[in-house]
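Below: my_file_14.txt (compact mmCIF, C-alpha atoms)
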```
# COMPACT_ATOMS: atom_id res chain seq x y z
CA MET A 6 -51.86 -55.47 0.37
CA GLY A 7 -49.15 -53.28 1.83
CA ILE A 8 -46.31 -51.88 -0.23
CA HIS A 9 -42.90 -52.78 1.15
CA ALA A 10 -39.90 -50.55 0.33
CA ARG A 11 -36.99 -52.40 -1.13
CA THR A 12 -33.71 -51.98 0.67
CA ARG A 13 -30.75 -51.44 -1.66
CA THR A 14 -27.36 -52.68 -0.59
CA ARG A 15 -24.69 -50.02 -1.30
CA THR A 16 -21.23 -51.08 -2.36
CA PRO A 17 -18.13 -49.98 -0.42
CA ALA A 18 -17.15 -47.76 -3.38
CA ALA A 19 -20.51 -45.97 -3.29
CA ARG A 20 -20.24 -45.41 0.45
CA ALA A 21 -16.72 -43.99 0.04
CA ALA A 22 -17.88 -41.64 -2.71
CA THR A 23 -20.69 -40.31 -0.54
CA ALA A 24 -18.36 -39.76 2.39
CA ALA A 25 -15.90 -37.89 0.18
CA ALA A 26 -18.69 -35.65 -1.11
CA LEU A 27 -19.80 -34.83 2.43
CA VAL A 28 -16.23 -33.97 3.47
CA ALA A 29 -15.82 -31.73 0.42
CA ALA A 30 -19.12 -29.98 1.12
CA VAL A 31 -18.05 -29.19 4.68
CA ALA A 32 -14.48 -28.25 3.74
CA TRP A 33 -15.36 -25.92 0.84
CA PRO A 34 -16.65 -23.01 2.94
CA LEU A 35 -13.64 -23.36 5.22
CA LEU A 36 -11.23 -23.30 2.31
CA SER A 37 -13.03 -20.35 0.77
CA THR A 38 -12.79 -18.43 4.04
CA ALA A 39 -9.11 -19.26 4.43
CA SER A 40 -8.41 -18.09 0.89
CA ALA A 41 -10.23 -14.82 1.52
CA GLN A 42 -8.29 -14.26 4.74
CA ALA A 43 -4.96 -15.06 3.08
CA ALA A 44 -5.55 -12.69 0.15
CA GLY A 45 -4.40 -9.53 1.97
CA ILE A 46 -1.02 -9.26 3.70
CA TRP A 47 -1.69 -6.27 5.97
CA ASP A 48 -4.61 -4.19 7.17
CA GLY A 49 -3.42 -0.85 8.54
CA ASP A 50 -6.78 0.34 9.84
CA ALA A 51 -6.29 3.38 12.08
CA SER A 52 -8.52 1.90 14.79
CA LYS A 53 -5.60 -0.45 15.58
CA GLY A 54 -3.28 2.44 16.44
CA THR A 55 0.24 3.23 15.30
CA ASN A 56 1.55 -0.27 16.09
CA VAL A 57 0.42 -1.24 12.56
CA PHE A 58 3.65 0.47 11.42
CA GLY A 59 7.17 -0.87 11.74
CA SER A 60 8.32 2.39 13.32
CA VAL A 61 7.47 6.10 13.51
CA GLU A 62 9.80 8.96 12.54
CA CYS A 63 8.02 12.04 13.85
CA PRO A 64 10.08 14.15 16.26
CA THR A 65 8.28 16.31 18.83
CA PRO A 66 6.46 18.68 18.48
CA GLY A 67 5.29 16.80 15.38
CA SER A 68 2.85 13.97 15.93
CA LEU A 69 1.40 10.86 14.36
CA ILE A 70 -1.86 10.03 16.10
CA THR A 71 -5.21 8.43 15.41
CA ALA A 72 -7.96 11.02 15.24
CA ALA A 73 -11.60 11.44 14.30
CA SER A 74 -11.71 12.95 10.83
CA GLY A 75 -15.17 14.49 11.11
CA THR A 76 -16.13 12.78 7.86
CA PRO A 77 -17.51 9.35 6.90
CA HIS A 78 -13.89 8.16 7.09
CA GLY A 79 -14.17 7.97 10.88
CA THR A 80 -10.88 7.32 12.68
CA VAL A 81 -7.81 8.08 10.56
CA PHE A 82 -4.09 8.62 11.00
CA ARG A 83 -3.11 12.27 11.29
CA TYR A 84 0.51 13.11 10.46
CA THR A 85 1.36 16.64 11.63
CA LYS A 86 4.66 18.17 10.52
CA PRO A 87 5.08 21.51 12.30
CA GLY A 88 6.90 24.52 10.93
CA GLY A 89 10.61 24.23 11.67
CA ASP A 90 10.78 20.45 11.14
CA ILE A 91 11.12 18.52 7.92
CA ARG A 92 9.36 15.23 8.62
CA CYS A 93 6.58 13.28 10.25
CA GLU A 94 6.47 9.78 8.75
CA SER A 95 5.78 6.15 9.46
CA ARG A 96 8.16 3.50 8.16
CA GLY A 97 7.40 -0.10 7.26
CA VAL A 98 4.44 -2.19 8.34
CA SER A 99 3.81 -4.49 11.28
CA VAL A 100 1.67 -7.57 10.71
CA ASN A 101 -0.72 -8.26 13.61
CA GLY A 102 0.94 -5.46 15.52
CA SER A 103 3.85 -7.66 16.55
CA SER A 104 6.22 -8.49 13.71
CA ARG A 105 7.81 -6.09 11.24
CA TYR A 106 7.08 -7.32 7.72
CA ALA A 107 10.18 -8.25 5.68
CA PHE A 108 9.73 -7.26 2.05
CA ALA A 109 11.56 -9.42 -0.49
CA ALA A 110 12.99 -9.21 -3.98
CA GLY A 111 11.15 -11.03 -6.76
CA SER A 112 7.76 -10.32 -5.17
CA THR A 113 4.63 -8.40 -6.10
CA TYR A 114 3.07 -5.95 -3.64
CA TYR A 115 0.12 -3.61 -3.87
CA LEU A 116 -0.13 -0.76 -1.36
CA GLY A 117 -3.40 1.15 -1.04
CA TRP A 118 -4.42 4.22 0.98
CA GLU A 119 -6.55 7.36 1.00
CA SER A 120 -5.20 10.82 1.80
CA GLN A 121 -6.48 14.28 2.69
CA LEU A 122 -3.97 17.15 2.76
CA SER A 123 -4.14 20.44 4.62
CA SER A 124 -2.21 22.13 1.82
CA VAL A 125 -1.06 21.34 -1.70
CA SER A 126 1.38 24.25 -1.94
CA GLY A 127 5.14 24.00 -1.74
CA ASP A 128 7.01 20.76 -2.37
CA PHE A 129 6.72 17.78 -0.02
CA VAL A 130 6.75 13.98 -0.05
CA VAL A 131 3.68 11.95 1.00
CA TRP A 132 4.84 8.41 0.15
CA GLN A 133 8.17 6.67 -0.45
CA TRP A 134 9.36 3.21 -1.40
CA LYS A 135 12.52 3.75 0.65
CA SER A 136 15.78 1.75 0.52
CA TYR A 137 17.72 0.61 3.61
CA PRO A 138 20.70 0.50 4.13
CA ASN A 139 23.66 1.41 1.87
CA ALA A 140 21.38 1.91 -1.10
CA GLN A 141 22.23 2.63 -4.70
CA GLN A 142 18.69 4.02 -4.98
CA ASN A 143 17.73 6.08 -1.94
CA TYR A 144 14.07 5.75 -2.94
CA PRO A 145 13.30 3.90 -6.18
CA LEU A 146 9.72 5.26 -6.09
CA ILE A 147 8.48 8.45 -4.49
CA MET A 148 5.26 10.49 -4.53
CA THR A 149 5.35 14.23 -3.95
CA ILE A 150 2.91 17.11 -3.80
CA LYS A 151 4.12 20.20 -5.60
CA ASP A 152 2.22 23.34 -6.56
CA GLY A 153 -1.20 21.68 -6.52
CA SER A 154 -0.33 18.36 -8.15
CA ALA A 155 0.44 14.84 -6.94
CA ARG A 156 3.45 13.40 -8.77
CA LEU A 157 4.91 9.90 -8.93
CA PHE A 158 8.62 9.52 -9.73
CA HIS A 159 11.02 6.69 -10.40
CA VAL A 160 14.51 7.60 -9.16
CA THR A 161 17.43 5.85 -10.85
CA THR A 162 20.66 4.57 -9.29
CA GLY A 163 22.28 7.73 -10.67
CA GLY A 164 19.78 9.93 -8.82
CA ASP A 165 17.77 11.01 -11.86
CA TRP A 166 14.12 11.73 -11.05
CA GLN A 167 11.88 10.44 -13.85
CA MET A 168 8.34 11.75 -13.48
CA LEU A 169 5.92 8.95 -14.34
CA TRP A 170 2.61 10.67 -13.57
CA SER A 171 1.05 13.93 -12.39
CA GLU A 172 -2.52 14.90 -11.48
CA PRO A 173 -4.03 18.02 -9.83
CA VAL A 174 -5.22 17.59 -6.24
CA THR A 175 -7.05 19.99 -3.92
CA ALA A 176 -6.46 20.67 -0.23
CA GLY A 177 -9.21 19.18 1.90
CA ASP A 178 -10.29 16.58 -0.68
CA TRP A 179 -9.88 12.84 -0.08
CA ASN A 180 -8.06 10.93 -2.84
CA ALA A 181 -7.43 7.19 -3.15
CA PHE A 182 -4.06 5.81 -4.28
CA ALA A 183 -2.77 2.31 -4.94
CA VAL A 184 0.75 1.47 -6.08
CA GLY A 185 1.65 -1.94 -7.48
CA ILE A 186 5.33 -2.91 -7.32
CA ARG A 187 7.22 -5.88 -8.72
CA THR A 188 10.45 -5.88 -6.73
CA SER A 189 13.60 -6.40 -8.76
CA GLY A 190 17.14 -5.12 -8.86
CA THR A 191 16.97 -5.00 -12.66
CA ALA A 192 14.82 -2.77 -14.85
CA SER A 193 13.97 -5.69 -17.12
CA SER A 194 11.92 -7.49 -14.47
CA GLY A 195 10.82 -4.75 -12.05
CA TRP A 196 7.75 -2.58 -12.61
CA VAL A 197 5.30 -0.14 -11.05
CA GLU A 198 1.57 0.49 -11.55
CA LEU A 199 -0.56 3.32 -10.18
CA TYR A 200 -4.29 3.63 -9.48
CA PHE A 201 -5.81 7.03 -8.69
CA ASN A 202 -9.35 7.22 -7.32
CA GLY A 203 -10.06 3.71 -8.59
CA THR A 204 -8.71 4.19 -12.13
CA LYS A 205 -5.52 2.62 -13.44
CA GLN A 206 -3.25 5.38 -14.66
CA THR A 207 -1.25 5.72 -17.86
CA LEU A 208 2.39 6.42 -17.04
CA ALA A 209 5.15 8.36 -18.77
CA ASP A 210 5.96 5.76 -21.42
CA GLY A 211 2.30 5.40 -22.45
CA SER A 212 1.85 2.11 -20.60
CA THR A 213 0.00 1.28 -17.38
CA ARG A 214 2.94 -0.79 -16.11
CA TYR A 215 6.27 1.03 -16.15
CA ALA A 216 9.38 -1.19 -16.28
CA CYS A 217 12.06 -0.03 -13.83
CA ARG A 218 14.46 -1.05 -11.06
CA THR A 219 12.44 -1.19 -7.84
CA TRP A 220 14.62 -3.07 -5.34
CA ASP A 221 17.83 -2.22 -3.52
CA SER A 222 19.42 -3.75 -0.42
CA ALA A 223 15.98 -3.71 1.24
CA ASN A 224 12.90 -1.56 0.86
CA GLU A 225 9.96 -0.41 2.96
CA PRO A 226 7.03 1.97 2.37
CA LYS A 227 6.78 5.31 4.17
CA TRP A 228 3.70 7.50 4.54
CA GLY A 229 3.31 10.99 5.99
CA VAL A 230 5.05 14.28 5.22
CA TYR A 231 8.67 15.02 4.32
CA ASP A 232 9.18 18.68 3.46
CA ARG A 233 11.49 19.35 0.51
CA ASP A 234 11.00 23.11 0.89
CA ASP A 235 12.41 25.23 3.73
CA GLY A 236 10.33 23.37 6.35
CA SER A 237 8.64 26.53 7.62
CA THR A 238 5.05 25.45 6.86
CA THR A 239 2.90 23.27 9.10
CA LEU A 240 1.54 20.40 7.00
CA ILE A 241 -1.07 17.80 7.93
CA ASN A 242 -1.65 14.58 6.02
CA ARG A 243 -4.68 12.51 7.08
CA VAL A 244 -4.39 8.89 5.90
CA ASP A 245 -7.04 6.17 5.89
CA SER A 246 -7.73 2.71 4.43
CA LEU A 247 -4.13 1.51 4.52
CA LYS A 248 -3.83 -1.99 3.07
CA MET A 249 -1.26 -4.27 1.44
CA GLY A 250 -1.67 -7.39 -0.66
CA THR A 251 -0.49 -9.17 -3.78
CA SER A 252 -3.16 -7.79 -6.14
CA TYR A 253 -5.09 -4.58 -6.65
CA ALA A 254 -8.25 -6.35 -5.46
CA ASP A 255 -6.58 -6.87 -2.06
CA VAL A 256 -6.32 -3.13 -1.41
CA THR A 257 -9.70 -1.85 -2.63
```

Final structure tokens representation of the file:
Amino acid sequence: MGIHARTRTRTPAARAATAAALVAAVAWPLLSTASAQAAGIWDGDASKGTNVFGSVECPTPGSLITAASGTPHGTVFRYTKPGGDIRCESRGVSVNGSSRYAFAAGSTYYLGWESQLSSVSGDFVVWQWKSYPNAQQNYPLIMTIKDGSARLFHVTTGGDWQMLWSEPVTAGDWNAFAVGIRTSGTASSGWVELYFNGTKQTLADGSTRYACRTWDSANEPKWGVYDRDDGSTTLINRVDSLKMGTSYADVT
């Protein structure tokens, strides 16, 4: 005698539940991918060229170009500030190479990059969180190289430079930096964090998150070289792995 399978009649509710499960199963990878893509705000990979920046401030004979680094870093940005000039910098970021990104108050940004310097002598700026225009704080945050050390400062509305951190660096070595900023026009709600070569740094007040005023009329990041000395030395800053997001994980 044959065995006949019994056919079970499924209720409308059961059919709806199954359909919903199938939709969720298909949608989940898509949602996960979208979340991953949305995590970072900006990828400033040098292979995309200098249009990843909002603008370039590098008067001839200085130059900001993409160049082979001769190391595993591959193509990098090379900022060259010649003797006799004071600057070769990029200003702001351009998302998708077409629209200048508008930074906003009350926001959290993380900026990450790697840098190799031709010299660590003298006194020059390699990164700024610069204010435009009509600012009370010309640059609320600024990173300099002076006499063999990288230094991060907070600069007050009164122009006082408060050194938050300092660490020796060597010419020719690659170092990784990431700065976290909560943008605020008041010290009570603004803050800055710093990561150096993958390690979160302790700042001047003994914390890893320094409370300070970080926002003026408008602010943008600048990378490159700005010479605070007499400008007579040629300085080269190679920069790689530029990224921006809303968390440290976005820029590592």

With 6 Å as the cut-off and all atoms listed in the file counted, what is the closest atom pair between each nearby residue of segment 45-118 of chain A and segment 214-232 of chain A? Distances in Å to one decimal, ordered by chain and number, as a Markdown table.
```
| residue | atom | partner | partner_atom | distance |
| --- | --- | --- | --- | --- |
| A:Tyr84 | CA | A:Gly229 | CA | 5.7 |
| A:Ile91 | CA | A:Asp232 | CA | 4.9 |
| A:Arg92 | CA | A:Tyr231 | CA | 4.4 |
| A:Cys93 | CA | A:Val230 | CA | 5.4 |
| A:Glu94 | CA | A:Gly229 | CA | 4.4 |
| A:Ser95 | CA | A:Lys227 | CA | 5.4 |
| A:Arg96 | CA | A:Lys227 | CA | 4.6 |
| A:Gly97 | CA | A:Glu225 | CA | 5.0 |
```

| query | Could you work out how far atom CA of Thr239 of chain A lies from atom CA of Asn180 of chain A, giving the answer in Å with one decimal? | reply |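 If I compute the distance from atom CA of Asn180 of chain A to atom CA of Thr239 of chain A, I get 20.4 Å.
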
Near-Tyr114 of chain A list (12 Å; all atoms listed in the file; drop same-chain fewer than 5 positions) as a PyMOL selection string
chain A and resi 44-47+107-109+134+183-189+195-199+219+224-226+248-256

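The residue set within 6 Å of segment 153-158 of chain A, counting only C-alpha atoms and dropping same-chain residues fewer than 3 places from it, reads Val125, Ser126, Leu146, Ile147, Met148, Thr149, Ile150, Gln167, Met168, Leu169, Trp170, Ser171, Glu172, Pro173 and Val174 of chain A.
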
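Atom pair atom CA of Gly203 of chain A / atom CA of Ser246 of chain A: separated by 13.3 Å.
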
* Which value, in Å to one decimal, gives the distance between atom CA of Thr204 of chain A and atom CA of Ser52 of chain A? ->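 Interatomic distance here is 27.0 Å.
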
inquiry  = Can you pull out the residues contacting Gln142 of chain A? Cut-off 7 Å, using only C-alpha atoms, and skip same-chain residues under 2 positions away; I want them as a PyMOL selection string.
reply    = chain A and resi 136+140+144-145+160-162+221

### Distance query 9 Å from (0.9, 0.2, 15.4) using only C-alpha atoms, result as a list in words
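Result, sorted by chain then residue number: Gly49, Ala51, Lys53, Gly54, Thr55, Asn56, Val57, Phe58, Gly59, Ser60, Val98, Ser99, Asn101, Gly102 and Ser103 of chain A.
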
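Summary of the local environment: counting only C-alpha atoms, residues at most 12 Å from Thr76 of chain A, other than itself and those fewer than 3 positions away along its chain, are Ala72, Ala73, Gly79, Thr80, Val81, Gln121, Gly177, Asp178, Trp179, Arg243 and Asp245 of chain A.
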
Counting all atoms listed in the file, closest pick from A:Lys151, A:His78, A:Gly117, A:Gln141 relative to Asp165 of chain A is A:Gln141

Polymer residues at most 10 Å from Ser237 of chain A, all atoms listed in the file, same-chain spacing of 6 or more positions, as a short mmCIF file (atom, residue, chain, number, x, y, z; two decimals) with C-alpha atoms, in the coordinates of the input:
```cif
data_model
loop_
_atom_site.label_atom_id
_atom_site.label_comp_id
_atom_site.auth_asym_id
_atom_site.auth_seq_id
_atom_site.Cartn_x
_atom_site.Cartn_y
_atom_site.Cartn_z
CA LYS A 86 4.66 18.17 10.52
CA PRO A 87 5.08 21.51 12.30
CA GLY A 88 6.90 24.52 10.93
CA GLY A 89 10.61 24.23 11.67
CA ASP A 90 10.78 20.45 11.14
CA ILE A 91 11.12 18.52 7.92
#
```
